[in-house]
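File shown: model-v2.txt. Contents: compact mmCIF, C-alpha atoms and all ligand atoms.
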```
# COMPACT_ATOMS: atom_id res chain seq x y z
CA MET A 1 12.23 -18.15 10.33
CA GLN A 2 13.66 -19.38 7.04
CA VAL A 3 15.11 -16.62 4.84
CA VAL A 4 15.10 -17.51 1.14
CA HIS A 5 16.19 -15.51 -1.88
CA SER A 6 15.58 -17.66 -4.93
CA LEU A 7 12.28 -18.87 -6.30
CA ASP A 8 13.41 -22.51 -6.04
CA ALA A 9 14.29 -22.06 -2.37
CA LEU A 10 10.92 -20.41 -1.74
CA ARG A 11 9.03 -23.25 -3.39
CA ALA A 12 11.02 -25.82 -1.40
CA ALA A 13 10.31 -23.97 1.86
CA LEU A 14 6.57 -23.84 1.10
CA LYS A 15 6.25 -27.40 -0.21
CA PRO A 16 5.00 -28.92 3.08
CA TYR A 17 2.22 -26.35 3.35
CA ASP A 18 -1.17 -25.94 1.67
CA ARG A 19 -2.22 -22.40 2.42
CA PRO A 20 0.34 -19.61 2.82
CA ALA A 21 -0.79 -16.37 4.49
CA PHE A 22 1.27 -13.74 2.68
CA VAL A 23 2.34 -10.20 3.59
CA PRO A 24 4.22 -8.48 0.72
CA THR A 25 6.39 -5.51 1.76
CA MET A 26 9.23 -3.32 0.57
CA GLY A 27 10.92 -3.60 3.98
CA ASN A 28 11.78 -0.88 6.51
CA LEU A 29 9.05 -2.44 8.58
CA HIS A 30 6.91 -0.61 11.11
CA ASP A 31 3.92 -1.48 13.30
CA GLY A 32 1.60 -1.28 10.25
CA HIS A 33 3.41 -4.23 8.67
CA LEU A 34 3.49 -6.11 11.97
CA ALA A 35 -0.28 -5.66 12.31
CA LEU A 36 -0.64 -7.35 8.91
CA LEU A 37 1.53 -10.21 10.09
CA ALA A 38 -0.56 -10.54 13.25
CA MET A 39 -3.67 -10.84 11.04
CA ALA A 40 -1.87 -13.42 8.91
CA LYS A 41 -1.52 -15.62 12.01
CA GLU A 42 -5.28 -16.15 11.95
CA HIS A 43 -5.21 -17.48 8.37
CA GLY A 44 -3.35 -20.24 6.58
CA ASP A 45 -0.82 -22.79 7.75
CA VAL A 46 2.40 -20.84 7.14
CA ARG A 47 3.14 -17.11 7.42
CA VAL A 48 5.18 -15.71 4.57
CA ALA A 49 6.50 -12.16 4.17
CA SER A 50 8.42 -10.71 1.26
CA ILE A 51 10.85 -7.83 1.20
CA PHE A 52 11.53 -6.43 -2.26
CA VAL A 53 12.02 -2.80 -3.21
CA ASN A 54 10.35 -2.93 -6.59
CA ARG A 55 12.12 -0.68 -9.08
CA LEU A 56 9.18 -1.04 -11.51
CA GLN A 57 6.84 1.01 -9.33
CA PHE A 58 9.18 4.01 -8.93
CA GLY A 59 9.22 6.89 -11.39
CA PRO A 60 12.54 8.20 -12.75
CA ASN A 61 12.56 11.13 -10.28
CA GLU A 62 11.30 9.17 -7.30
CA ASP A 63 13.09 7.71 -4.29
CA PHE A 64 14.06 4.20 -5.43
CA ASP A 65 17.74 4.69 -4.49
CA ALA A 66 16.98 6.49 -1.23
CA TYR A 67 14.24 4.10 -0.12
CA PRO A 68 15.28 2.89 3.36
CA ARG A 69 16.75 -0.61 3.32
CA THR A 70 16.99 -2.07 6.85
CA PHE A 71 17.21 -5.79 6.18
CA GLU A 72 18.81 -7.01 9.45
CA ARG A 73 16.36 -5.06 11.59
CA ASP A 74 13.42 -6.20 9.45
CA CYS A 75 14.48 -9.86 9.85
CA ALA A 76 14.55 -9.50 13.64
CA LEU A 77 11.10 -7.87 13.66
CA LEU A 78 9.61 -10.52 11.39
CA GLU A 79 11.09 -13.35 13.43
CA ALA A 80 9.71 -11.86 16.66
CA ALA A 81 6.30 -11.40 15.01
CA GLY A 82 6.06 -15.10 14.11
CA CYS A 83 6.91 -15.02 10.40
CA ASP A 84 7.84 -18.52 9.19
CA VAL A 85 9.33 -17.78 5.77
CA LEU A 86 10.84 -14.54 4.48
CA PHE A 87 11.18 -14.29 0.69
CA ALA A 88 13.79 -11.63 -0.05
CA PRO A 89 14.55 -11.95 -3.76
CA ARG A 90 17.36 -10.03 -5.40
CA GLU A 91 16.40 -8.17 -8.56
CA ALA A 92 17.94 -10.96 -10.65
CA ASP A 93 15.74 -13.53 -8.85
CA LEU A 94 12.47 -11.74 -9.51
CA TYR A 95 13.36 -10.07 -12.80
CA PRO A 96 15.92 -12.41 -14.44
CA GLN A 97 14.99 -10.74 -17.74
CA ALA A 98 13.68 -7.23 -18.26
CA GLN A 99 10.02 -7.42 -17.19
CA THR A 100 8.32 -6.59 -20.48
CA PHE A 101 5.04 -8.36 -19.73
CA LEU A 102 3.24 -5.80 -17.60
CA ILE A 103 -0.14 -5.72 -15.90
CA HIS A 104 -2.02 -2.56 -16.84
CA PRO A 105 -4.80 -1.98 -14.34
CA PRO A 106 -8.05 -0.44 -15.62
CA THR A 107 -8.10 3.26 -16.36
CA GLY A 108 -10.64 5.07 -14.22
CA LEU A 109 -9.36 3.26 -11.18
CA ALA A 110 -5.64 3.43 -11.84
CA ASP A 111 -5.11 6.71 -13.71
CA VAL A 112 -6.64 8.92 -11.02
CA LEU A 113 -5.21 10.19 -7.70
CA GLU A 114 -1.95 8.26 -7.10
CA GLY A 115 -2.03 7.05 -10.71
CA ALA A 116 -2.29 10.61 -12.01
CA PHE A 117 0.58 11.91 -9.88
CA ARG A 118 2.77 8.79 -10.15
CA PRO A 119 2.42 7.60 -13.76
CA GLY A 120 3.29 3.91 -14.06
CA PHE A 121 3.07 3.31 -10.33
CA PHE A 122 0.10 0.94 -10.46
CA VAL A 123 1.51 -0.88 -13.48
CA GLY A 124 4.62 -1.57 -11.38
CA VAL A 125 2.62 -2.54 -8.30
CA SER A 126 0.18 -4.78 -10.19
CA THR A 127 2.98 -6.51 -12.07
CA VAL A 128 5.08 -7.24 -8.99
CA VAL A 129 2.07 -8.33 -6.91
CA MET A 130 0.98 -10.71 -9.67
CA LYS A 131 4.51 -12.07 -9.83
CA LEU A 132 4.89 -12.41 -6.04
CA PHE A 133 1.53 -14.18 -5.90
CA GLN A 134 2.74 -16.62 -8.59
CA CYS A 135 5.87 -17.27 -6.53
CA VAL A 136 4.17 -17.69 -3.15
CA PHE A 137 0.87 -19.31 -4.10
CA SER A 138 1.89 -21.66 -6.93
CA GLY A 139 1.69 -24.75 -4.67
CA THR A 140 -1.44 -23.58 -2.87
CA LYS A 141 -4.13 -26.25 -2.75
CA THR A 142 -7.00 -24.14 -1.47
CA GLN A 143 -8.05 -20.48 -1.14
CA ALA A 144 -5.16 -18.52 0.43
CA HIS A 145 -4.90 -15.01 1.90
CA ALA A 146 -2.74 -11.94 1.26
CA PHE A 147 -2.63 -8.86 3.48
CA PHE A 148 -2.41 -5.16 2.62
CA GLY A 149 -2.68 -1.94 4.62
CA GLU A 150 -5.59 0.45 4.13
CA LYS A 151 -3.19 3.37 4.12
CA ASP A 152 -2.58 2.52 0.46
CA PHE A 153 -6.30 2.61 -0.21
CA GLN A 154 -6.17 2.82 -4.00
CA GLN A 155 -3.52 0.09 -4.14
CA GLN A 156 -5.62 -2.41 -2.18
CA LEU A 157 -8.63 -1.63 -4.39
CA ILE A 158 -6.64 -2.27 -7.56
CA ILE A 159 -5.19 -5.49 -6.15
CA ARG A 160 -8.71 -6.70 -5.29
CA HIS A 161 -9.69 -6.12 -8.95
CA LEU A 162 -6.56 -7.90 -10.13
CA VAL A 163 -7.38 -10.95 -8.02
CA THR A 164 -11.01 -11.02 -9.21
CA GLN A 165 -10.31 -10.47 -12.90
CA PHE A 166 -7.51 -13.05 -13.06
CA ALA A 167 -9.47 -15.52 -10.86
CA LEU A 168 -6.54 -15.88 -8.48
CA PRO A 169 -7.16 -18.28 -5.56
CA VAL A 170 -6.38 -15.51 -3.09
CA THR A 171 -8.54 -13.52 -0.68
CA ILE A 172 -7.31 -10.00 -0.01
CA VAL A 173 -7.51 -8.94 3.63
CA THR A 174 -6.85 -5.33 4.63
CA SER A 175 -5.91 -3.93 8.00
CA PRO A 176 -6.73 -0.43 9.26
CA THR A 177 -3.97 2.19 9.10
CA ILE A 178 -1.73 2.14 12.15
CA ARG A 179 -0.97 5.66 13.42
CA GLU A 180 1.54 7.37 15.67
CA SER A 181 0.05 8.82 18.89
CA ASP A 182 -0.39 12.23 17.18
CA GLY A 183 -2.35 10.72 14.27
CA LEU A 184 0.39 10.50 11.62
CA ALA A 185 -0.08 7.34 9.55
CA MET A 186 2.91 5.03 9.92
CA SER A 187 4.96 4.87 6.73
CA SER A 188 8.48 3.90 5.78
CA ARG A 189 8.82 7.35 4.22
CA ASN A 190 8.23 9.12 7.57
CA SER A 191 11.93 8.58 8.23
CA TYR A 192 12.70 11.22 5.55
CA LEU A 193 11.04 13.96 7.65
CA SER A 194 13.18 16.53 9.51
CA GLU A 195 12.28 17.23 13.15
CA ALA A 196 10.26 20.32 12.19
CA GLU A 197 8.49 18.45 9.36
CA ARG A 198 7.69 15.56 11.68
CA ALA A 199 5.99 18.01 14.06
CA GLU A 200 3.96 19.42 11.13
CA ALA A 201 3.14 16.07 9.48
CA PRO A 202 -0.05 15.19 11.49
CA ARG A 203 -1.77 18.13 9.76
CA LEU A 204 -2.47 15.92 6.75
CA GLN A 205 -4.63 13.60 8.85
CA ALA A 206 -6.18 16.58 10.67
CA CYS A 207 -7.27 18.05 7.32
CA LEU A 208 -8.82 14.72 6.29
CA GLN A 209 -10.66 14.62 9.63
CA ALA A 210 -11.95 18.17 9.00
CA MET A 211 -13.16 17.15 5.52
CA LEU A 212 -14.94 14.10 6.94
CA ALA A 213 -16.58 16.26 9.64
CA ALA A 214 -17.74 18.80 7.03
CA VAL A 215 -19.37 16.07 4.92
CA LYS A 216 -21.03 14.53 7.98
CA ALA A 217 -22.28 17.97 9.03
CA GLY A 218 -24.10 18.13 5.71
CA GLN A 219 -21.95 20.71 3.93
CA GLN A 220 -23.15 20.40 0.34
CA SER A 221 -20.26 21.41 -1.87
CA LEU A 222 -17.61 18.70 -1.87
CA GLU A 223 -15.43 20.93 -4.10
CA ALA A 224 -15.53 23.65 -1.44
CA ILE A 225 -14.52 21.18 1.28
CA GLU A 226 -11.66 19.90 -0.87
CA GLY A 227 -10.56 23.46 -1.69
CA THR A 228 -10.42 24.42 1.98
CA ALA A 229 -8.22 21.44 2.78
CA MET A 230 -5.84 22.24 -0.11
CA ALA A 231 -5.64 25.89 1.03
CA THR A 232 -4.97 24.91 4.66
CA LEU A 233 -2.09 22.69 3.65
CA ARG A 234 -0.62 25.34 1.32
CA ALA A 235 -0.82 27.90 4.13
CA HIS A 236 1.45 25.63 6.16
CA GLN A 237 4.07 25.17 3.42
CA TRP A 238 2.77 21.86 2.08
CA GLN A 239 2.45 21.15 -1.64
CA PRO A 240 -0.76 19.12 -1.86
CA ASP A 241 -1.37 16.87 -4.88
CA TYR A 242 -4.99 16.13 -4.00
CA MET A 243 -7.42 16.22 -1.09
CA VAL A 244 -10.63 14.58 -2.28
CA ILE A 245 -13.85 12.93 -1.21
CA ARG A 246 -14.66 9.82 -3.25
CA ARG A 247 -16.96 6.84 -3.38
CA ARG A 248 -15.30 4.03 -1.42
CA GLU A 249 -16.23 1.28 -3.84
CA ASP A 250 -14.53 2.62 -6.98
CA LEU A 251 -13.12 6.09 -6.18
CA GLY A 252 -15.77 7.69 -8.41
CA MET A 253 -17.26 11.09 -7.67
CA PRO A 254 -19.98 10.54 -5.06
CA THR A 255 -23.58 11.30 -5.85
CA ASP A 256 -26.03 12.37 -3.13
CA ARG A 257 -27.14 8.75 -2.82
CA ASP A 258 -23.68 7.33 -2.08
CA ARG A 259 -23.17 6.59 1.60
CA ALA A 260 -19.85 4.69 1.76
CA LEU A 261 -17.17 7.31 1.20
CA VAL A 262 -13.45 7.83 1.66
CA VAL A 263 -11.43 11.03 1.98
CA LEU A 264 -7.99 10.71 0.47
CA GLY A 265 -5.03 13.04 0.49
CA ALA A 266 -1.49 13.23 -0.84
CA ALA A 267 0.87 16.10 -0.21
CA LYS A 268 4.55 16.91 -0.14
CA LEU A 269 6.16 18.32 2.98
CA GLY A 270 9.65 19.40 1.99
CA ARG A 271 11.03 16.46 0.00
CA THR A 272 8.70 13.90 1.54
CA ARG A 273 5.44 12.89 -0.11
CA LEU A 274 2.87 11.56 2.36
CA ILE A 275 -0.50 9.92 1.68
CA ASP A 276 -3.39 9.13 3.99
CA ASN A 277 -7.13 8.43 3.91
CA LEU A 278 -10.16 7.92 6.14
CA SER A 279 -13.16 5.75 5.31
CA PHE A 280 -16.58 6.69 6.64
CA ASP A 281 -20.31 6.34 6.07
CA ARG A 282 -22.51 9.38 5.88
O1 LIG B 301 2.73 -1.44 -0.43
C1 LIG B 301 3.88 -1.85 -0.70
O2 LIG B 301 4.76 -1.96 0.16
C2 LIG B 301 4.22 -2.21 -2.15
O3 LIG B 301 3.53 -1.39 -3.05
C3 LIG B 301 3.98 -3.69 -2.46
C4 LIG B 301 2.52 -4.07 -2.36
C5 LIG B 301 4.81 -4.57 -1.53
C6 LIG B 301 4.42 -3.98 -3.90
O4 LIG B 301 5.76 -3.68 -4.11
```

Will you turn the file into structure tokens for me?
Amino acid sequence: MQVVHSLDALRAALKPYDRPAFVPTMGNLHDGHLALLAMAKEHGDVRVASIFVNRLQFGPNEDFDAYPRTFERDCALLEAAGCDVLFAPREADLYPQAQTFLIHPPTGLADVLEGAFRPGFFVGVSTVVMKLFQCVFSGTKTQAHAFFGEKDFQQQLIIRHLVTQFALPVTIVTSPTIRESDGLAMSSRNSYLSEAERAEAPRLQACLQAMLAAVKAGQQSLEAIEGTAMATLRAHQWQPDYMVIRRREDLGMPTDRDRALVVLGAAKLGRTRLIDNLSFDR
């Protein structure tokens, strides 16, 4: 695996290839990331990962400084998983000047749920993804692929819109959320949990499962289902931001006719904010 930091070195490393298969990450890799890399093996002629903790997508009171940075371990995992090129830019490589051109994703999609609780988050994500795509795919001669986890459901939806609206020659491929044996969605932020919190953490997914079951059972009031999930979490010392049932296509409020749905939740357990979701058809 070639490890490159500068944009020039990345372009030189990718020059012999036509079609990179790209997995962008912020590092502290887990099996969810490795599943994306395994999917990338099926596409393209070179597998590229990036590790960049993107300051732009963190709010002033969020965990940018504390975000786990495990570069040596990540390199070993990527190498073992068959990554060919790792792009690990320093801030000065990716943002040599203050990044004042920003991508503002459409309201409606980006100012709800995560966007409402993390103002600026999707501006930061969209801007860095656009920039990483420019870096990785600039020499691409045909349609290429980039890989994202479904755990960040709203993020992958926004990135799909970004690719469509800017006519980028990239197909977005998503992989199902990878879970621990007790159902907790794998996340770099799980490492913040204390032992007691880790034991409690699967409740988020259990509440989403209960919401899904209630919808499938024909319970009519979605607000009541959402309210029960919020109350259950609060009763177990969580601080939920949202527990909602939405249309899968655009995160709008479902009508009776909508079949393809997703339940999404975000909640704080102690200092750690966890998110999760489940897609289903009713
Ligand atoms: O999902 C992530 O790890 C990040 O939001 C991403 C897509 C790498 C952009 O920084």

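For ligand LIG 301 (chain B), the neighbouring protein, DNA and RNA residues, which are those within 7 Å when all atoms listed in the file are counted, are Pro24, Thr25, Met26, Phe52, Val53, Asn54, Val125, Val128, Val129 and Asp152 of chain A.
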
Inset, instruction - For segment 75-92 of chain A, please output as number ranges by chain all residues within 12 Å (counting all atoms listed in the file; exclusion window: fewer than 6 positions along the same chain). - result: A: 1-15, 17, 20-31, 33-42, 44-56, 69, 98-99, 128, 131-133, 135-136

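Distances from A:Glu249, A:Asp182, A:Glu114, A:Glu197 to Leu269 of chain A were compared using all atoms listed in the file, and the smallest one belongs to A:Glu197.
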
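Take the candidates A:Ile159, A:Leu274, A:Ala213, A:Met253 and check each one against Leu193 of chain A using only C-alpha atoms; the shortest distance goes to A:Leu274.
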
Inset, instruction - Pick out the residues sitting within 9 Å of Gln209 of chain A, and hand them over as a count of residues only; count only C-alpha atoms, and ignore anything fewer than 4 positions along from it in its own chain. - result: 6

Legend entry - Close residues, Val163 of chain A itself excluded, 12 Å, only C-alpha atoms, min 5 positions apart in chain, as number ranges by chain: A: 103, 105, 126-127, 129-130, 133-134, 143-146, 156-158, 168-173

Legend entry - Spatial neighbours of Ile225 of chain A, max dist 9 Å, only C-alpha atoms, sep filter under 2 positions, as a PyMOL selection string: chain A and resi 210-211+214-215+219-223+227-230+243-245

Inset, instruction - Would you mind reading off the distance between atom CA of Pro254 of chain A and atom CA of Leu109 of chain A, one decimal, in Å? - result: 14.3 Å

Which residues are near Asn277 of chain A? Cut-off 7 Å, all atoms listed in the file, ignore same chain within fewer than 6 positions. Put them as a JSON list (two decimals) with C-alpha atoms, keeping the file's coordinate frame.
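Final output, saved to selection.json:
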```json
[["chain", "number", "residue", "atom", "x", "y", "z"],
["A", 151, "LYS", "CA", -3.19, 3.37, 4.12],
["A", 208, "LEU", "CA", -8.82, 14.72, 6.29],
["A", 262, "VAL", "CA", -13.45, 7.83, 1.66],
["A", 263, "VAL", "CA", -11.43, 11.03, 1.98],
["A", 264, "LEU", "CA", -7.99, 10.71, 0.47],
["A", 265, "GLY", "CA", -5.03, 13.04, 0.49]]
```

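The smallest atom-to-atom distance between Gln239 of chain A and any of A:Ala217, A:Ala266, A:Ala116, A:Ile275, using all atoms listed in the file, is found for A:Ala266.
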
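Reported to one decimal place, the separation of atom CA of Val112 of chain A from atom CA of Ala206 of chain A is 23.0 Å.
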
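Between atom CA of Gly59 of chain A and atom CA of Arg118 of chain A there is a distance of 6.8 Å.
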
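With distances taken over all atoms listed in the file, A:Asp241 is the one residue among A:Asp281, A:Asp241, A:Asp18, A:Asp256 lying closest to Gly115 of chain A.
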
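Distances from A:Ser181, A:Thr272, A:Ser279, A:Thr232 to Arg247 of chain A were compared using all atoms listed in the file, and the smallest one belongs to A:Ser279.
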
Mind working out the centre and edge lengths of an axis-aligned box for segment 158-163 of chain A, all listed atoms inside, 4 Å added to each side, rounded to one decimal in Å and written as lines of an AutoDock Vina configuration file?
```
center_x = -7.4
center_y = -6.6
center_z = -7.7
size_x = 12.5
size_y = 16.7
size_z = 12.8
```

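In this comparison, which uses all atoms listed in the file, the residue of A:Phe71, A:Phe58, A:Phe148, A:Phe101 approaching Gly120 of chain A most closely is A:Phe58.
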